[in-house]
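Pasted below: start.tsv, TSV, N, CA and C atoms.
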```
chain	number	residue	atom	x	y	z
O	3	GLN	N	19.26	-41.02	75.69
O	3	GLN	CA	20.38	-41.80	75.18
O	3	GLN	C	20.88	-41.17	73.88
O	4	GLU	N	22.21	-40.98	73.83
O	4	GLU	CA	22.79	-40.37	72.64
O	4	GLU	C	22.72	-41.32	71.45
O	5	GLN	N	22.32	-40.79	70.31
O	5	GLN	CA	22.15	-41.65	69.15
O	5	GLN	C	22.41	-40.88	67.86
O	6	LEU	N	23.05	-41.57	66.91
O	6	LEU	CA	23.21	-41.07	65.54
O	6	LEU	C	22.65	-42.14	64.61
O	7	VAL	N	21.83	-41.72	63.66
O	7	VAL	CA	21.21	-42.67	62.74
O	7	VAL	C	21.41	-42.17	61.32
O	8	GLU	N	22.08	-43.00	60.52
O	8	GLU	CA	22.33	-42.66	59.12
O	8	GLU	C	21.19	-43.15	58.23
O	9	SER	N	20.93	-42.41	57.17
O	9	SER	CA	19.93	-42.82	56.18
O	9	SER	C	20.34	-42.26	54.82
O	10	GLY	N	19.69	-42.76	53.77
O	10	GLY	CA	19.91	-42.23	52.43
O	10	GLY	C	20.86	-43.04	51.56
O	11	GLY	N	21.38	-44.12	52.09
O	11	GLY	CA	22.27	-44.95	51.30
O	11	GLY	C	21.51	-45.79	50.29
O	12	GLY	N	22.25	-46.59	49.54
O	12	GLY	CA	21.61	-47.47	48.57
O	12	GLY	C	22.51	-47.76	47.40
O	13	LEU	N	21.90	-48.19	46.31
O	13	LEU	CA	22.61	-48.56	45.09
O	13	LEU	C	22.41	-47.46	44.05
O	14	VAL	N	23.50	-47.04	43.43
O	14	VAL	CA	23.44	-45.99	42.41
O	14	VAL	C	24.46	-46.30	41.34
O	15	GLN	N	24.18	-45.85	40.13
O	15	GLN	CA	25.13	-46.06	39.05
O	15	GLN	C	26.26	-45.04	39.12
O	16	SER	N	27.36	-45.41	38.54
O	16	SER	CA	28.51	-44.49	38.46
O	16	SER	C	28.08	-43.17	37.82
O	17	GLY	N	28.49	-42.07	38.43
O	17	GLY	CA	28.09	-40.75	37.97
O	17	GLY	C	26.85	-40.21	38.64
O	18	GLY	N	26.17	-41.05	39.39
O	18	GLY	CA	24.95	-40.63	40.06
O	18	GLY	C	25.21	-39.92	41.37
O	19	SER	N	24.12	-39.61	42.07
O	19	SER	CA	24.21	-38.85	43.32
O	19	SER	C	23.38	-39.51	44.42
O	20	LEU	N	23.80	-39.30	45.63
O	20	LEU	CA	23.05	-39.69	46.82
O	20	LEU	C	23.25	-38.61	47.87
O	21	ARG	N	22.26	-38.46	48.75
O	21	ARG	CA	22.43	-37.59	49.91
O	21	ARG	C	22.23	-38.42	51.17
O	22	LEU	N	23.28	-38.50	51.95
O	22	LEU	CA	23.20	-39.18	53.23
O	22	LEU	C	22.77	-38.20	54.31
O	23	SER	N	22.01	-38.70	55.26
O	23	SER	CA	21.60	-37.90	56.41
O	23	SER	C	22.06	-38.59	57.68
O	24	CYS	N	22.41	-37.78	58.66
O	24	CYS	CA	22.82	-38.28	59.97
O	24	CYS	C	21.95	-37.55	60.99
O	25	ALA	N	20.98	-38.25	61.55
O	25	ALA	CA	20.05	-37.65	62.52
O	25	ALA	C	20.55	-37.90	63.93
O	26	ALA	N	20.69	-36.82	64.68
O	26	ALA	CA	21.21	-36.90	66.04
O	26	ALA	C	20.09	-36.73	67.06
O	27	SER	N	20.23	-37.41	68.18
O	27	SER	CA	19.28	-37.25	69.28
O	27	SER	C	19.98	-37.56	70.59
O	28	GLY	N	19.45	-36.96	71.66
O	28	GLY	CA	19.98	-37.25	72.99
O	28	GLY	C	21.17	-36.43	73.42
O	29	PHE	N	21.62	-35.52	72.57
O	29	PHE	CA	22.73	-34.64	72.94
O	29	PHE	C	22.63	-33.36	72.11
O	30	PRO	N	23.25	-32.27	72.58
O	30	PRO	CA	23.15	-30.99	71.87
O	30	PRO	C	24.06	-30.95	70.64
O	31	LEU	N	23.51	-31.22	69.49
O	31	LEU	CA	24.30	-31.33	68.27
O	31	LEU	C	25.15	-30.09	68.04
O	32	GLU	N	24.64	-28.91	68.43
O	32	GLU	CA	25.35	-27.67	68.14
O	32	GLU	C	26.68	-27.57	68.87
O	33	GLU	N	26.93	-28.42	69.82
O	33	GLU	CA	28.19	-28.42	70.57
O	33	GLU	C	29.20	-29.42	70.01
O	34	TYR	N	28.83	-30.10	68.95
O	34	TYR	CA	29.66	-31.18	68.45
O	34	TYR	C	30.09	-30.96	67.00
O	35	ALA	N	31.32	-31.32	66.72
O	35	ALA	CA	31.76	-31.48	65.34
O	35	ALA	C	31.28	-32.84	64.85
O	36	ILE	N	30.96	-32.91	63.58
O	36	ILE	CA	30.42	-34.14	63.01
O	36	ILE	C	31.27	-34.56	61.81
O	37	GLY	N	31.49	-35.83	61.71
O	37	GLY	CA	32.27	-36.34	60.59
O	37	GLY	C	31.57	-37.50	59.90
O	38	TRP	N	31.82	-37.60	58.61
O	38	TRP	CA	31.41	-38.77	57.84
O	38	TRP	C	32.65	-39.60	57.54
O	39	PHE	N	32.55	-40.87	57.82
O	39	PHE	CA	33.63	-41.81	57.59
O	39	PHE	C	33.10	-42.95	56.72
O	40	ARG	N	33.99	-43.68	56.10
O	40	ARG	CA	33.55	-44.84	55.33
O	40	ARG	C	34.55	-45.98	55.48
O	41	GLN	N	34.03	-47.18	55.30
O	41	GLN	CA	34.87	-48.37	55.39
O	41	GLN	C	34.46	-49.34	54.30
O	42	ALA	N	35.38	-49.58	53.40
O	42	ALA	CA	35.16	-50.55	52.33
O	42	ALA	C	35.63	-51.92	52.81
O	43	PRO	N	35.11	-52.98	52.22
O	43	PRO	CA	35.52	-54.33	52.64
O	43	PRO	C	37.03	-54.51	52.58
O	44	GLY	N	37.60	-54.99	53.67
O	44	GLY	CA	39.02	-55.24	53.72
O	44	GLY	C	39.89	-54.02	53.90
O	45	LYS	N	39.27	-52.87	54.11
O	45	LYS	CA	40.04	-51.64	54.27
O	45	LYS	C	39.75	-51.00	55.62
O	46	GLU	N	40.64	-50.12	56.03
O	46	GLU	CA	40.43	-49.38	57.26
O	46	GLU	C	39.37	-48.29	57.07
O	47	ARG	N	38.75	-47.91	58.18
O	47	ARG	CA	37.82	-46.79	58.14
O	47	ARG	C	38.60	-45.52	57.84
O	48	GLU	N	38.06	-44.68	56.98
O	48	GLU	CA	38.73	-43.44	56.63
O	48	GLU	C	37.77	-42.26	56.77
O	49	GLY	N	38.33	-41.11	57.10
O	49	GLY	CA	37.53	-39.90	57.20
O	49	GLY	C	37.25	-39.35	55.82
O	50	VAL	N	36.00	-39.05	55.54
O	50	VAL	CA	35.58	-38.55	54.23
O	50	VAL	C	35.40	-37.04	54.28
O	51	SER	N	34.60	-36.58	55.24
O	51	SER	CA	34.33	-35.16	55.37
O	51	SER	C	33.88	-34.86	56.79
O	52	CYS	N	34.33	-33.74	57.31
O	52	CYS	CA	34.01	-33.36	58.67
O	52	CYS	C	33.67	-31.88	58.73
O	53	VAL	N	32.82	-31.52	59.68
O	53	VAL	CA	32.37	-30.14	59.79
O	53	VAL	C	32.42	-29.69	61.25
O	54	SER	N	32.80	-28.44	61.45
O	54	SER	CA	32.86	-27.90	62.80
O	54	SER	C	31.45	-27.67	63.35
O	55	SER	N	31.38	-27.35	64.63
O	55	SER	CA	30.09	-27.20	65.28
O	55	SER	C	29.29	-26.03	64.72
O	56	ASN	N	29.96	-24.97	64.29
O	56	ASN	CA	29.23	-23.83	63.74
O	56	ASN	C	29.28	-23.78	62.22
O	57	ALA	N	29.76	-24.86	61.61
O	57	ALA	CA	29.76	-25.03	60.15
O	57	ALA	C	30.68	-24.07	59.41
O	58	ASP	N	31.56	-23.37	60.12
O	58	ASP	CA	32.43	-22.42	59.41
O	58	ASP	C	33.74	-23.06	58.96
O	59	ASN	N	33.90	-24.32	59.28
O	59	ASN	CA	35.14	-25.00	58.93
O	59	ASN	C	34.80	-26.43	58.50
O	60	THR	N	35.27	-26.79	57.32
O	60	THR	CA	35.02	-28.13	56.83
O	60	THR	C	36.32	-28.75	56.33
O	61	TYR	N	36.31	-30.05	56.24
O	61	TYR	CA	37.46	-30.79	55.72
O	61	TYR	C	36.94	-31.87	54.78
O	62	TYR	N	37.65	-32.08	53.68
O	62	TYR	CA	37.32	-33.15	52.74
O	62	TYR	C	38.58	-33.93	52.43
O	63	SER	N	38.44	-35.22	52.34
O	63	SER	CA	39.57	-36.02	51.89
O	63	SER	C	39.81	-35.73	50.41
O	64	ASN	N	41.03	-35.96	49.97
O	64	ASN	CA	41.36	-35.69	48.57
O	64	ASN	C	40.51	-36.50	47.62
O	65	SER	N	40.12	-37.69	48.05
O	65	SER	CA	39.38	-38.58	47.16
O	65	SER	C	37.96	-38.10	46.87
O	66	VAL	N	37.42	-37.21	47.71
O	66	VAL	CA	36.04	-36.75	47.50
O	66	VAL	C	35.94	-35.25	47.28
O	67	LYS	N	37.03	-34.55	47.41
O	67	LYS	CA	37.01	-33.09	47.27
O	67	LYS	C	36.47	-32.71	45.91
O	68	GLY	N	35.52	-31.78	45.89
O	68	GLY	CA	34.90	-31.34	44.64
O	68	GLY	C	33.69	-32.15	44.25
O	69	ARG	N	33.48	-33.28	44.89
O	69	ARG	CA	32.31	-34.12	44.57
O	69	ARG	C	31.33	-34.21	45.73
O	70	PHE	N	31.83	-34.18	46.95
O	70	PHE	CA	30.98	-34.31	48.14
O	70	PHE	C	30.87	-32.96	48.84
O	71	THR	N	29.73	-32.73	49.47
O	71	THR	CA	29.52	-31.52	50.25
O	71	THR	C	28.86	-31.89	51.57
O	72	ILE	N	29.47	-31.45	52.66
O	72	ILE	CA	28.91	-31.68	53.98
O	72	ILE	C	28.18	-30.43	54.43
O	73	SER	N	27.06	-30.61	55.11
O	73	SER	CA	26.30	-29.48	55.65
O	73	SER	C	25.58	-29.95	56.90
O	74	ARG	N	25.12	-28.98	57.67
O	74	ARG	CA	24.41	-29.33	58.89
O	74	ARG	C	23.24	-28.39	59.10
O	75	ASP	N	22.18	-28.91	59.69
O	75	ASP	CA	21.00	-28.14	60.06
O	75	ASP	C	20.72	-28.48	61.51
O	76	ASP	N	21.26	-27.68	62.40
O	76	ASP	CA	21.12	-27.98	63.83
O	76	ASP	C	19.67	-27.88	64.29
O	77	ALA	N	18.87	-27.07	63.62
O	77	ALA	CA	17.45	-26.98	63.98
O	77	ALA	C	16.75	-28.31	63.76
O	78	LYS	N	17.24	-29.07	62.79
O	78	LYS	CA	16.68	-30.39	62.50
O	78	LYS	C	17.54	-31.50	63.10
O	79	SER	N	18.60	-31.11	63.81
O	79	SER	CA	19.51	-32.09	64.41
O	79	SER	C	20.02	-33.09	63.38
O	80	THR	N	20.37	-32.59	62.22
O	80	THR	CA	20.77	-33.46	61.12
O	80	THR	C	21.98	-32.89	60.38
O	81	VAL	N	22.87	-33.78	60.02
O	81	VAL	CA	24.03	-33.45	59.20
O	81	VAL	C	23.91	-34.23	57.90
O	82	TYR	N	24.24	-33.59	56.80
O	82	TYR	CA	24.07	-34.19	55.49
O	82	TYR	C	25.41	-34.38	54.79
O	83	LEU	N	25.44	-35.34	53.89
O	83	LEU	CA	26.58	-35.50	52.99
O	83	LEU	C	26.01	-35.68	51.59
O	84	GLN	N	26.12	-34.63	50.79
O	84	GLN	CA	25.69	-34.70	49.39
O	84	GLN	C	26.84	-35.28	48.59
O	85	MET	N	26.56	-36.38	47.90
O	85	MET	CA	27.59	-37.08	47.15
O	85	MET	C	27.22	-37.06	45.67
O	86	ASN	N	28.01	-36.37	44.88
O	86	ASN	CA	27.78	-36.27	43.44
O	86	ASN	C	28.88	-36.96	42.67
O	87	ASN	N	28.59	-37.26	41.41
O	87	ASN	CA	29.56	-37.91	40.54
O	87	ASN	C	30.19	-39.12	41.23
O	88	LEU	N	29.35	-39.97	41.75
O	88	LEU	CA	29.83	-41.12	42.50
O	88	LEU	C	30.59	-42.09	41.61
O	89	LYS	N	31.59	-42.73	42.19
O	89	LYS	CA	32.45	-43.67	41.49
O	89	LYS	C	32.39	-45.02	42.18
O	90	PRO	N	32.68	-46.09	41.47
O	90	PRO	CA	32.68	-47.41	42.12
O	90	PRO	C	33.56	-47.47	43.36
O	91	GLU	N	34.64	-46.72	43.38
O	91	GLU	CA	35.53	-46.74	44.55
O	91	GLU	C	34.94	-46.03	45.75
O	92	ASP	N	33.79	-45.38	45.60
O	92	ASP	CA	33.09	-44.80	46.74
O	92	ASP	C	32.24	-45.84	47.47
O	93	THR	N	32.15	-47.03	46.91
O	93	THR	CA	31.38	-48.10	47.55
O	93	THR	C	31.96	-48.42	48.92
O	94	ALA	N	31.12	-48.35	49.94
O	94	ALA	CA	31.56	-48.59	51.32
O	94	ALA	C	30.37	-48.47	52.25
O	95	ASP	N	30.59	-48.85	53.49
O	95	ASP	CA	29.66	-48.50	54.56
O	95	ASP	C	30.05	-47.12	55.08
O	96	TYR	N	29.07	-46.25	55.18
O	96	TYR	CA	29.31	-44.88	55.61
O	96	TYR	C	28.78	-44.69	57.03
O	97	TYR	N	29.60	-44.06	57.86
O	97	TYR	CA	29.27	-43.83	59.26
O	97	TYR	C	29.37	-42.34	59.57
O	98	CYS	N	28.48	-41.86	60.42
O	98	CYS	CA	28.68	-40.53	60.96
O	98	CYS	C	29.10	-40.66	62.42
O	99	GLY	N	29.91	-39.71	62.84
O	99	GLY	CA	30.41	-39.71	64.20
O	99	GLY	C	30.42	-38.29	64.74
O	100	ALA	N	30.39	-38.18	66.06
O	100	ALA	CA	30.34	-36.88	66.71
O	100	ALA	C	31.43	-36.79	67.77
O	101	ALA	N	32.03	-35.62	67.86
O	101	ALA	CA	33.03	-35.36	68.89
O	101	ALA	C	32.81	-33.95	69.41
O	102	ILE	N	32.99	-33.76	70.70
O	102	ILE	CA	32.78	-32.44	71.29
O	102	ILE	C	33.68	-31.44	70.59
O	103	ALA	N	33.11	-30.34	70.17
O	103	ALA	CA	33.81	-29.42	69.27
O	103	ALA	C	35.04	-28.78	69.90
O	104	SER	N	35.01	-28.56	71.19
O	104	SER	CA	36.12	-27.86	71.84
O	104	SER	C	37.40	-28.68	71.87
O	105	LEU	N	37.29	-29.96	71.57
O	105	LEU	CA	38.46	-30.82	71.67
O	105	LEU	C	39.01	-31.26	70.32
O	106	THR	N	38.43	-30.77	69.24
O	106	THR	CA	38.89	-31.25	67.94
O	106	THR	C	38.64	-30.19	66.88
O	107	SER	N	39.13	-30.46	65.68
O	107	SER	CA	38.88	-29.66	64.50
O	107	SER	C	38.42	-30.61	63.41
O	108	PRO	N	37.77	-30.10	62.37
O	108	PRO	CA	37.34	-31.01	61.31
O	108	PRO	C	38.49	-31.82	60.71
O	109	GLN	N	39.63	-31.17	60.49
O	109	GLN	CA	40.75	-31.92	59.90
O	109	GLN	C	41.23	-32.99	60.86
O	110	ALA	N	41.39	-32.63	62.13
O	110	ALA	CA	41.86	-33.62	63.11
O	110	ALA	C	40.86	-34.76	63.23
O	111	MET	N	39.58	-34.43	63.21
O	111	MET	CA	38.56	-35.46	63.31
O	111	MET	C	38.65	-36.43	62.15
O	112	CYS	N	38.74	-35.90	60.95
O	112	CYS	CA	38.75	-36.77	59.77
O	112	CYS	C	40.02	-37.60	59.68
O	113	LEU	N	41.12	-37.05	60.15
O	113	LEU	CA	42.39	-37.78	60.04
O	113	LEU	C	42.57	-38.78	61.16
O	114	ASN	N	42.00	-38.50	62.33
O	114	ASN	CA	42.26	-39.35	63.50
O	114	ASN	C	41.03	-40.01	64.10
O	115	GLY	N	39.84	-39.57	63.68
O	115	GLY	CA	38.62	-40.02	64.33
O	115	GLY	C	38.38	-41.51	64.25
O	116	MET	N	38.93	-42.17	63.27
O	116	MET	CA	38.74	-43.61	63.18
O	116	MET	C	39.55	-44.34	64.25
O	117	TYR	N	40.47	-43.63	64.89
O	117	TYR	CA	41.33	-44.25	65.91
O	117	TYR	C	40.93	-43.83	67.32
O	118	TYR	N	40.59	-42.56	67.53
O	118	TYR	CA	40.28	-42.09	68.86
O	118	TYR	C	39.56	-40.76	68.79
O	119	GLY	N	38.98	-40.38	69.91
O	119	GLY	CA	38.45	-39.03	70.08
O	119	GLY	C	36.99	-38.86	69.77
O	120	MET	N	36.34	-39.88	69.23
O	120	MET	CA	34.93	-39.74	68.90
O	120	MET	C	34.07	-40.10	70.11
O	121	ASP	N	32.99	-39.35	70.29
O	121	ASP	CA	32.09	-39.61	71.42
O	121	ASP	C	30.95	-40.56	71.04
O	122	PHE	N	30.43	-40.40	69.84
O	122	PHE	CA	29.32	-41.25	69.41
O	122	PHE	C	29.52	-41.65	67.95
O	123	TRP	N	29.01	-42.83	67.61
O	123	TRP	CA	29.01	-43.32	66.24
O	123	TRP	C	27.62	-43.81	65.87
O	124	GLY	N	27.26	-43.64	64.60
O	124	GLY	CA	26.09	-44.30	64.08
O	124	GLY	C	26.44	-45.73	63.70
O	125	GLU	N	25.44	-46.48	63.31
O	125	GLU	CA	25.66	-47.89	62.98
O	125	GLU	C	26.07	-48.09	61.53
O	126	GLY	N	25.99	-47.04	60.74
O	126	GLY	CA	26.47	-47.12	59.37
O	126	GLY	C	25.36	-47.45	58.38
O	127	ILE	N	25.64	-47.10	57.13
O	127	ILE	CA	24.70	-47.38	56.04
O	127	ILE	C	25.51	-47.68	54.79
O	128	ALA	N	25.00	-48.60	53.99
O	128	ALA	CA	25.74	-49.05	52.82
O	128	ALA	C	25.47	-48.16	51.62
O	129	VAL	N	26.54	-47.87	50.90
O	129	VAL	CA	26.48	-47.18	49.62
O	129	VAL	C	27.19	-48.06	48.59
O	130	THR	N	26.50	-48.39	47.53
O	130	THR	CA	27.07	-49.22	46.46
O	130	THR	C	26.96	-48.47	45.15
O	131	VAL	N	28.09	-48.31	44.48
O	131	VAL	CA	28.13	-47.61	43.21
O	131	VAL	C	28.52	-48.62	42.13
O	132	SER	N	27.63	-48.84	41.21
O	132	SER	CA	27.88	-49.81	40.14
O	132	SER	C	28.52	-49.11	38.95
O	133	SER	N	29.37	-49.86	38.24
O	133	SER	CA	30.07	-49.28	37.09
O	133	SER	C	29.27	-49.44	35.81
```

Structure translated into structure tokens:
Amino acid sequence: QEQLVESGGGLVQSGGSLRLSCAASGFPLEEYAIGWFRQAPGKEREGVSCVSSNADNTYYSNSVKGRFTISRDDAKSTVYLQMNNLKPEDTADYYCGAAIASLTSPQAMCLNGMYYGMDFWGEGIAVTVSS
């Protein structure tokens, strides 16, 4: 059974760092592009950062560019999101999602993945940044 499981969330002070992990199982991760999305209370889900299947192409939303870094370790079936210099506005539930790489690009995934095209989603993990 295909599964994505997020971990690494929690409470952190403004300016702090967290590293989220997305562990994949039940499907060949190396064939999939992976994206991190977030949803704050009362807001739509938005794409934060996405990475191609071979990690040679990444996309970051303007709100996190320069602060977040996405990476993947297919040998460990895990995708990471390093989040530095966190701000209160980064508070949200964070989700990882997977889409077959041949049908999307990181930019397309991050811009449209909350609406369509994703094959699997994790259940999400909370990140809270206090001021």

| said: I want to know what sits within 8 Å of O:Ser63, based on only C-alpha atoms, with residues of the same chain fewer than 4 positions away left out; could you give that as a VMD selection string? | reply: chain O and resid 49 to 51 67 112

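Closest to O:Glu48 among O:Tyr118, O:Leu113, O:Leu20, O:Thr93 is O:Leu113, based on only N, CA and C atoms.
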
| request: Go through O:Gln84, O:Ser133, O:Ser107, O:Gln41 one by one, measure the shortest atom-to-atom distance of each to O:Asp58 using only C-alpha atoms, and give the residue with the smallest value. | output: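 Of O:Gln84, O:Ser133, O:Ser107, O:Gln41, the one nearest O:Asp58, counting only C-alpha atoms, is O:Ser107.
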
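Rounded to one decimal, atom CA of O:Gly10 and atom C of O:Cys52 lie 18.3 Å from each other.
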
| field | Among listed residues O:Ser79, O:Ser55, O:Ser23, O:Asn87, nearest O:Val131 (using only C-alpha atoms) | value | O:Asn87

| task | Name the residues in contact with O:Phe122 at a cut-off of 6.5 Å, using only N, CA and C atoms, excluding same-chain residues fewer than 5 positions from it; report them as a PyMOL selection string. | result | chain O and resi 98-101

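Near (28.6, -47.8, 54.1), the residues inside the 7 Å limit, counting all atoms listed in the file, come to Arg40, Gln41, Thr93, Ala94, Asp95, Tyr96, Tyr97, Gly126, Ile127, Ala128, Val129 and Thr130 of chain O.
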
Keeping N, CA and C atoms, export the residues of the selection given above as a compact mmCIF listing (two decimals), in the coordinates of the input.
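Below you can see part_13.txt, which holds the result:
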```txt
# COMPACT_ATOMS: atom_id res chain seq x y z
N ARG O 40 33.99 -43.68 56.10
CA ARG O 40 33.55 -44.84 55.33
C ARG O 40 34.55 -45.98 55.48
N GLN O 41 34.03 -47.18 55.30
CA GLN O 41 34.87 -48.37 55.39
C GLN O 41 34.46 -49.34 54.30
N THR O 93 32.15 -47.03 46.91
CA THR O 93 31.38 -48.10 47.55
C THR O 93 31.96 -48.42 48.92
N ALA O 94 31.12 -48.35 49.94
CA ALA O 94 31.56 -48.59 51.32
C ALA O 94 30.37 -48.47 52.25
N ASP O 95 30.59 -48.85 53.49
CA ASP O 95 29.66 -48.50 54.56
C ASP O 95 30.05 -47.12 55.08
N TYR O 96 29.07 -46.25 55.18
CA TYR O 96 29.31 -44.88 55.61
C TYR O 96 28.78 -44.69 57.03
N TYR O 97 29.60 -44.06 57.86
CA TYR O 97 29.27 -43.83 59.26
C TYR O 97 29.37 -42.34 59.57
N GLY O 126 25.99 -47.04 60.74
CA GLY O 126 26.47 -47.12 59.37
C GLY O 126 25.36 -47.45 58.38
N ILE O 127 25.64 -47.10 57.13
CA ILE O 127 24.70 -47.38 56.04
C ILE O 127 25.51 -47.68 54.79
N ALA O 128 25.00 -48.60 53.99
CA ALA O 128 25.74 -49.05 52.82
C ALA O 128 25.47 -48.16 51.62
N VAL O 129 26.54 -47.87 50.90
CA VAL O 129 26.48 -47.18 49.62
C VAL O 129 27.19 -48.06 48.59
N THR O 130 26.50 -48.39 47.53
CA THR O 130 27.07 -49.22 46.46
C THR O 130 26.96 -48.47 45.15
```

| field | Residue nearest O:Gly28 among O:Val7, O:Leu13, O:Met111, O:Val66 (counting only C-alpha atoms) | value |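 Under the stated criterion, the closest residue is O:Val7.
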